[in-house]
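Participant: First, the structure itself, so that you have it in front of you.
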Amino acid sequence: MNVIALIMAAGAGERFGTRKQTTVLAGRAMLAWSADVLAASPRVSALVLVTPPAEEDTLRAAIEGDAARKLHAVIAGGATRQDSVYNGLEQAPAGATHVLIHDAARPCLSAALRDRVVDALATHDAVVPAMPVTDTLIRDVDAGVDAILDRVHIAGVQTPQAFRLDLIRRAHREARGRGFKSSDDGSLVLALGERVATVAGERTNLKVTFRDDVVIAEAILKNVREGR
């Protein structure tokens with residue numbers, strides 16, 4: 001396999017209040033943390049960074065060390081995450097066979113989760129990390145509980161998600177042709193009738209969405225740096 005990684009950093013951060021990608025976490029730009037973990041794998045040959053339009057140089061500057069050396073392309077995203085992933089896939093270097101797609105807003109990616117996803121590509125064409133839901137789930141309608149939902153088969157999906165490159169490209173191209181929209185790449189593969197396998201996600205692989213999440217992410221990253 002020739003595995004590359006797309007780092008998705010083109011979001012507007014509307015719920016966060018500003019762009020998150022270069023927010024400083026534990027002394028470094030948010031996107032730099034997961035870029036380092038992805039680049040540190042000898043099985044990841046190249047990185048493609050997807051940024052907001054006109055911010056390519058700013059975000060490129062946040063990538064350092066091995067991640068900078070493996071950086072194949074920095075490309076502007078589109079109007080939606082789906083458009084941005086499509087743009088990134090079009091920049092895959094020649095010879096790439098598989099791709100990891102990771103959200104820069106998940107800075108606490110571990111090497112163990114990265115490797116678990118890549119390992120699964122040996123036997124699956126599409127893989128997503130998933131975490132079982134622990135809270136009781138309700139359907140909230142008009143500020144009231146409409147129903148209690150069975151959480152037995154419910155899980156939260158994380159990134160990096162991993163795919164055979166030709167499969168995820170076909171999924172994105174066909175979705176564009178049909179006008180099918182989704183914020184999750186695995187769902188585009190499911191829409192083709194293909195199987196999407198799961199591996200265990202990690203609770204520490206949180207997505208920084210709100211300002212309060214910064215405190216949690218910094219605590220996790222501080223523990224990583226101190227080897228805890």
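Each chain in the structure tokens gets a letter, A, B and so on, in the order shown; residues start at 1 in every chain, and ligands are counted from 1 in the order they appear.
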Residues within 8 Å of A:Cys108, please, as a VMD selection string. Count only C-alpha atoms; anything in the same chain fewer than 5 positions from it doesn't count.
Facilitator: chain A and resid 33 to 34 204 to 206 217 220 to 221
Participant: Need to verify the contact set: A:Asp57, 12 Å, only C-alpha atoms, exclusion of same-chain residues closer than 5 positions in sequence. Can you return it as a ChimeraX atom specification?
Facilitator: /A:49-52,62-63,73-76
Participant: Got a sec: who's within 7 Å of stretch 86-99 of chain A, counting only C-alpha atoms, leaving out chain neighbours fewer than 6 positions off, as a list in words?
Facilitator: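 Residues meeting the cut-off are Met1, Asn2, Val3, Ile4, Ala5, Leu6, Val48, Val50, Ala73, Ile75, Gly77, Ala162, Phe163, Arg164, Leu165, Arg169 and His172 of chain A.
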Participant: Write out as JSON, numbers by chain all residues of stretch 80-208 of chain A that DSSP puts in helix (DSSP H, G or I) for this structure's backbone.
Facilitator: {"A": [81, 82, 83, 84, 85, 86, 87, 88, 89, 111, 112, 113, 114, 115, 116, 117, 118, 119, 120, 165, 166, 167, 168, 169, 170, 171, 172, 173, 174, 175, 176, 177, 178, 185, 186, 187, 188, 189, 190]}
Participant: Selected residues, C-alpha atoms, written as a PDB file, in the first residue's frame, please.
Facilitator:
ATOM      1  CA  ARG A  81     -16.405  19.821   3.878  1.00  0.00           C
ATOM      2  CA  GLN A  82     -17.447  17.410   1.144  1.00  0.00           C
ATOM      3  CA  ASP A  83     -16.215  19.856  -1.498  1.00  0.00           C
ATOM      4  CA  SER A  84     -12.963  20.308   0.413  1.00  0.00           C
ATOM      5  CA  VAL A  85     -12.286  16.569   0.618  1.00  0.00           C
ATOM      6  CA  TYR A  86     -12.993  16.274  -3.106  1.00  0.00           C
ATOM      7  CA  ASN A  87     -10.416  18.991  -3.795  1.00  0.00           C
ATOM      8  CA  GLY A  88      -7.876  17.247  -1.597  1.00  0.00           C
ATOM      9  CA  LEU A  89      -8.390  13.864  -3.239  1.00  0.00           C
ATOM     10  CA  ALA A 111      -0.145   6.878  16.998  1.00  0.00           C
ATOM     11  CA  ALA A 112      -2.046   3.806  18.221  1.00  0.00           C
ATOM     12  CA  LEU A 113      -5.304   4.915  16.581  1.00  0.00           C
ATOM     13  CA  ARG A 114      -3.484   5.943  13.407  1.00  0.00           C
ATOM     14  CA  ASP A 115      -1.879   2.494  13.185  1.00  0.00           C
ATOM     15  CA  ARG A 116      -5.127   0.674  13.984  1.00  0.00           C
ATOM     16  CA  VAL A 117      -6.838   2.386  11.048  1.00  0.00           C
ATOM     17  CA  VAL A 118      -3.939   1.761   8.653  1.00  0.00           C
ATOM     18  CA  ASP A 119      -3.681  -1.897   9.742  1.00  0.00           C
ATOM     19  CA  ALA A 120      -7.357  -2.399   8.901  1.00  0.00           C
ATOM     20  CA  LEU A 165      -8.170   5.783  -2.972  1.00  0.00           C
ATOM     21  CA  ASP A 166     -10.057   4.807  -6.113  1.00  0.00           C
ATOM     22  CA  LEU A 167     -13.110   3.860  -4.039  1.00  0.00           C
ATOM     23  CA  ILE A 168     -13.386   7.135  -2.117  1.00  0.00           C
ATOM     24  CA  ARG A 169     -12.748   9.116  -5.282  1.00  0.00           C
ATOM     25  CA  ARG A 170     -15.592   7.279  -7.001  1.00  0.00           C
ATOM     26  CA  ALA A 171     -17.826   7.828  -3.971  1.00  0.00           C
ATOM     27  CA  HIS A 172     -17.184  11.575  -4.035  1.00  0.00           C
ATOM     28  CA  ARG A 173     -17.594  11.892  -7.790  1.00  0.00           C
ATOM     29  CA  GLU A 174     -20.859   9.971  -7.824  1.00  0.00           C
ATOM     30  CA  ALA A 175     -22.179  11.949  -4.851  1.00  0.00           C
ATOM     31  CA  ARG A 176     -21.435  15.186  -6.704  1.00  0.00           C
ATOM     32  CA  GLY A 177     -23.193  13.872  -9.772  1.00  0.00           C
ATOM     33  CA  ARG A 178     -26.316  12.953  -7.775  1.00  0.00           C
ATOM     34  CA  ASP A 185     -16.873  10.357   3.976  1.00  0.00           C
ATOM     35  CA  GLY A 186     -17.877   6.866   5.100  1.00  0.00           C
ATOM     36  CA  SER A 187     -21.513   7.641   4.313  1.00  0.00           C
ATOM     37  CA  LEU A 188     -20.568   8.362   0.694  1.00  0.00           C
ATOM     38  CA  VAL A 189     -19.062   4.896   0.425  1.00  0.00           C
ATOM     39  CA  LEU A 190     -22.157   3.371   2.032  1.00  0.00           C
TER      40      LEU A 190
END
Participant: Please determine, counting only C-alpha atoms, which residue among A:Pro160, A:Pro53, A:Gly78, A:Pro132 has the shortest atom-to-atom distance to A:Val37.
Facilitator: A:Pro160
Participant: Mind checking which residues fall within 7 Å of A:Thr159, counting only C-alpha atoms, ignoring those fewer than 2 positions away in the same chain, and posting them as a list in words?
Facilitator: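 Listed by chain and then number, they are Ile101, His102, Asp103, Val128, Pro129 and Gln161 of chain A.
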Participant: Select, from A:Arg19, A:Gly179, A:Thr136, A:Arg43, the residue with the minimum atom-to-atom distance to A:Thr209, counting only C-alpha atoms.
Facilitator: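 Selected residue with least distance to A:Thr209: A:Arg19.
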Participant: Among stretch 34-92 of chain A, which residues does DSSP mark as strand (DSSP E) when it is run on the backbone? Keep the chain and numbering as in the structure and answer as a list in words.
Facilitator: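 For stretch 34-92 of chain A, the strand (DSSP E) set is Val44, Ser45, Ala46, Leu47, Val48, Leu49, Val50, Thr51, Leu71, His72, Ala73, Val74, Ile75 and Ala76 of chain A.
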